[in-house]
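Asks: The following block contains the structure, expressed as structure tokens.
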There are 2 protein chains.
Amino acid sequence: MLHDLKARIHDNQFPNKRLPDERSLSEAYNVSRSSIKRALEVLANQGIIFKKRGSGTFINPLYMKNQTIFHYEGTNLGITDSFKSDGQTPNIKLLDFQVVPATAELQQDLFLESGDFVYEIKRLRLFDDQPFMIEHGYIPIKIAPELSQKVVSGSIFNYLEDEQNKVVTKSFMTMRAAPSTSDDQKLLGLSAVEPIAIMEGIFFLDDGTPFEVSNMRLRYDYFNYNTFVTLDEE
Amino acid sequence: MLHDLKARIHDNQFPNKRLPDERSLSEAYNVSRSSIKRALEVLANQGIIFKKRGSGTFINPLYMKNQTIFHYEGTNLGITDSFKSDGQTPNIKLLDFQVVPATAELQQDLFLESGDFVYEIKRLRLFDDQPFMIEHGYIPIKIAPELSQKVVSGSIFNYLEDEQNKVVTKSFMTMRAAPSTSDDQKLLGLSAVEPIAIMEGIFFLDDGTPFEVSNMRLRYDYFNYNTFVTLDEE
DNA sequence: GAGTGGTCTAGACCACTTC
DNA sequence: AAGTGGTCTAGACCACTCT
């Protein structure tokens, strides 16, 4: 039903830029009004529609006008997939891969107990031969007990989804900018005045289990984060 | 009730990092379970808690950790309010304020027609005497026809909300990092190797009308964007 | 099996706009 | 006053986790 609504919006089946009222939709789709509200809520969060109490529900004209710019992104989870590759091939160079005991900090972030171990994975990501990101991550052994060097040299998220039926759907990330260290400069081919962007945080599985703590240092010219923010709660 | 829950979380009243189950909360607060769910949903979207079906609701350990002194919260729009000042006073220094014809690009971004005019506003934001952000914005005259130099030296969003009954609730933003220009260095007091973070995008009124195109250049050490991303809605 | 969150229903009443 | 979205209730049933 959500999907149908979205399709109809794209199909321009609401030339008034206005949706039927919730009660009608509820009847038309044979679901409760609450269910309709949930669906509309999703569309509103994606910036596709907006609701005006007392007036109705309208299609965001800008969404239709300029789809490339005004669509919800901010959903950058699978890194390999979320960077535009522009014809270039994404590569991964494994820098370090070992099993280490979880530090106190990791224990807290990943919900581990003392004595638990984690994979420490350090990788360099490239497009063709151009490195653009240093990735430093920790994954609990008990969540992914079968990580091999081969897996870790590819997309870990894809492996999990395809082979382990585990889906990463949430992340808590914090982003900032920083001058590059000499290490960054060497690995990413930057000059001293060229900075990096840092994204760090935790990835969660579908069920809320924290799955990976990750620190990503990116060439500033390969980093661009788009987000559609709605401020209404609280 | 939402507020109370949030306060209790901040107060560390759940040392287990675990909240009571929804049915108990529902009883404790004397509201329906649906209402509790709505409240928890808000907290979950803010990344404060996460829920594990079948297990319970837990507090995000990272949330408590990332309370840096100055940071821009991903879920806030009014800039003045969204920087934590830690006792310091946020100030605004007006650098430039004039009316200019809208360029072709502005016409597109702000939904204007050729011949329309916009305010061009350039401001420096400071905490006490420490500048941390250069703000360069454009606002259509026809949306806010009464902007004065006085208004523009304070919080424009607050003015709109308090005096004009217009609320800015949405924004489409893109973020990146860049080396600082000599201009940046002069205005923000940076050295040559210190970078800036750039946030640029469009603010919308709550009816979807684009209200401002803004470009913000921040000292890298005053920028920190937290975001909780959920990838499931289709 | 008991406990917990997820989804959904059917309906009441409130708040805002003017369809 | 009529229409429309917002909030809330009380409860049913499902899906998953824990032991």
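Naming scheme: A, B, ... for chains in displayed order of the structure tokens; residues 1 onward per chain; ligands 1 onward as shown.
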Define the interface residues of chain B facing chain C as those within 6 Å, counting only C-alpha atoms (C1' of nucleotides), and report them as a list in words.

Replies: Arg53, Gly54, Ser55 and Gly56 of chain B

Asks: May I have the residues of chain B within 7 Å of chain A, counting only C-alpha atoms, written as number ranges by chain?

Replies: B: 42, 47, 50-53, 61-62, 75-76, 169-179, 192-197, 207-208, 220, 223-233

Asks: Generate the output file for the selected residues, C-alpha atoms, as an mmCIF file, in the first residue's frame.

Replies:
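result27.cif, written as the output of this step:
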data_model
loop_
_atom_site.group_PDB
_atom_site.id
_atom_site.type_symbol
_atom_site.label_atom_id
_atom_site.label_comp_id
_atom_site.auth_asym_id
_atom_site.auth_seq_id
_atom_site.Cartn_x
_atom_site.Cartn_y
_atom_site.Cartn_z
ATOM 1 C CA VAL B 42 10.937 9.307 19.218
ATOM 2 C CA GLY B 47 19.412 7.451 18.692
ATOM 3 C CA PHE B 50 17.222 1.047 20.658
ATOM 4 C CA LYS B 51 14.773 -1.746 20.908
ATOM 5 C CA LYS B 52 15.385 -5.433 20.544
ATOM 6 C CA ARG B 53 12.300 -7.379 19.738
ATOM 7 C CA PRO B 61 25.878 3.729 25.165
ATOM 8 C CA LEU B 62 27.317 6.021 22.510
ATOM 9 C CA THR B 75 18.039 16.958 14.406
ATOM 10 C CA ASN B 76 18.056 20.676 14.963
ATOM 11 C CA THR B 169 10.899 22.683 10.122
ATOM 12 C CA LYS B 170 12.693 21.046 7.262
ATOM 13 C CA SER B 171 16.017 21.267 5.574
ATOM 14 C CA PHE B 172 17.961 19.531 2.907
ATOM 15 C CA MET B 173 21.633 19.783 3.739
ATOM 16 C CA THR B 174 24.844 18.545 2.314
ATOM 17 C CA MET B 175 28.030 18.406 4.360
ATOM 18 C CA ARG B 176 31.669 18.153 3.517
ATOM 19 C CA ALA B 177 35.161 19.132 4.590
ATOM 20 C CA ALA B 178 37.587 21.442 2.823
ATOM 21 C CA PRO B 179 40.916 23.167 3.335
ATOM 22 C CA ALA B 192 46.838 27.112 7.014
ATOM 23 C CA VAL B 193 46.648 23.420 7.860
ATOM 24 C CA GLU B 194 43.398 23.744 9.744
ATOM 25 C CA PRO B 195 40.355 22.883 7.661
ATOM 26 C CA ILE B 196 36.719 23.859 7.754
ATOM 27 C CA ALA B 197 33.483 21.938 7.565
ATOM 28 C CA ASP B 207 4.307 24.005 4.057
ATOM 29 C CA GLY B 208 7.198 23.051 1.833
ATOM 30 C CA TYR B 220 36.553 22.113 12.035
ATOM 31 C CA PHE B 223 31.654 20.985 13.952
ATOM 32 C CA ASN B 224 30.267 17.669 14.982
ATOM 33 C CA TYR B 225 27.257 16.166 13.322
ATOM 34 C CA ASN B 226 25.525 13.275 15.010
ATOM 35 C CA THR B 227 23.020 11.237 13.164
ATOM 36 C CA PHE B 228 21.114 8.125 13.731
ATOM 37 C CA VAL B 229 20.269 6.478 10.473
ATOM 38 C CA THR B 230 17.633 3.828 10.041
ATOM 39 C CA LEU B 231 17.467 2.033 6.776
ATOM 40 C CA ASP B 232 14.281 0.111 6.473
ATOM 41 C CA GLU B 233 11.532 2.232 5.088
#

Asks: Once the least-squares fit of chain B onto chain A is done over all Cα atoms matched in order, how many Å of RMSD are left?

Replies: 3.4 Å

Asks: Taking only C-alpha atoms (C1' of nucleotides) into account and nothing else, which residues of chain D lie no more than 9 Å away from chain B? Please answer as a count of residues only.

Replies: 8

Asks: When DSSP is applied to the backbone of this structure, which of range 118-222 of chain A are assigned strand (DSSP E)? Write them out as a VMD selection string.

Replies: chain A and resid 118 to 127 130 to 140 168 to 179 195 to 205 210 to 219

Asks: Please measure the separation of CA of Ile141 in chain B and CA of Tyr119 in chain B, giving the value in Å to one decimal.

Replies: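 That distance, rounded to one decimal, is 6.3 Å.
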
Asks: Per DSSP on the backbone, filter range 20-217 of chain B down to the residues in helix (DSSP H, G or I) and report them as number ranges by chain.

Replies: B: 22-29, 33-45, 61-65, 79-82, 104-109, 149-152, 156-164, 182-188
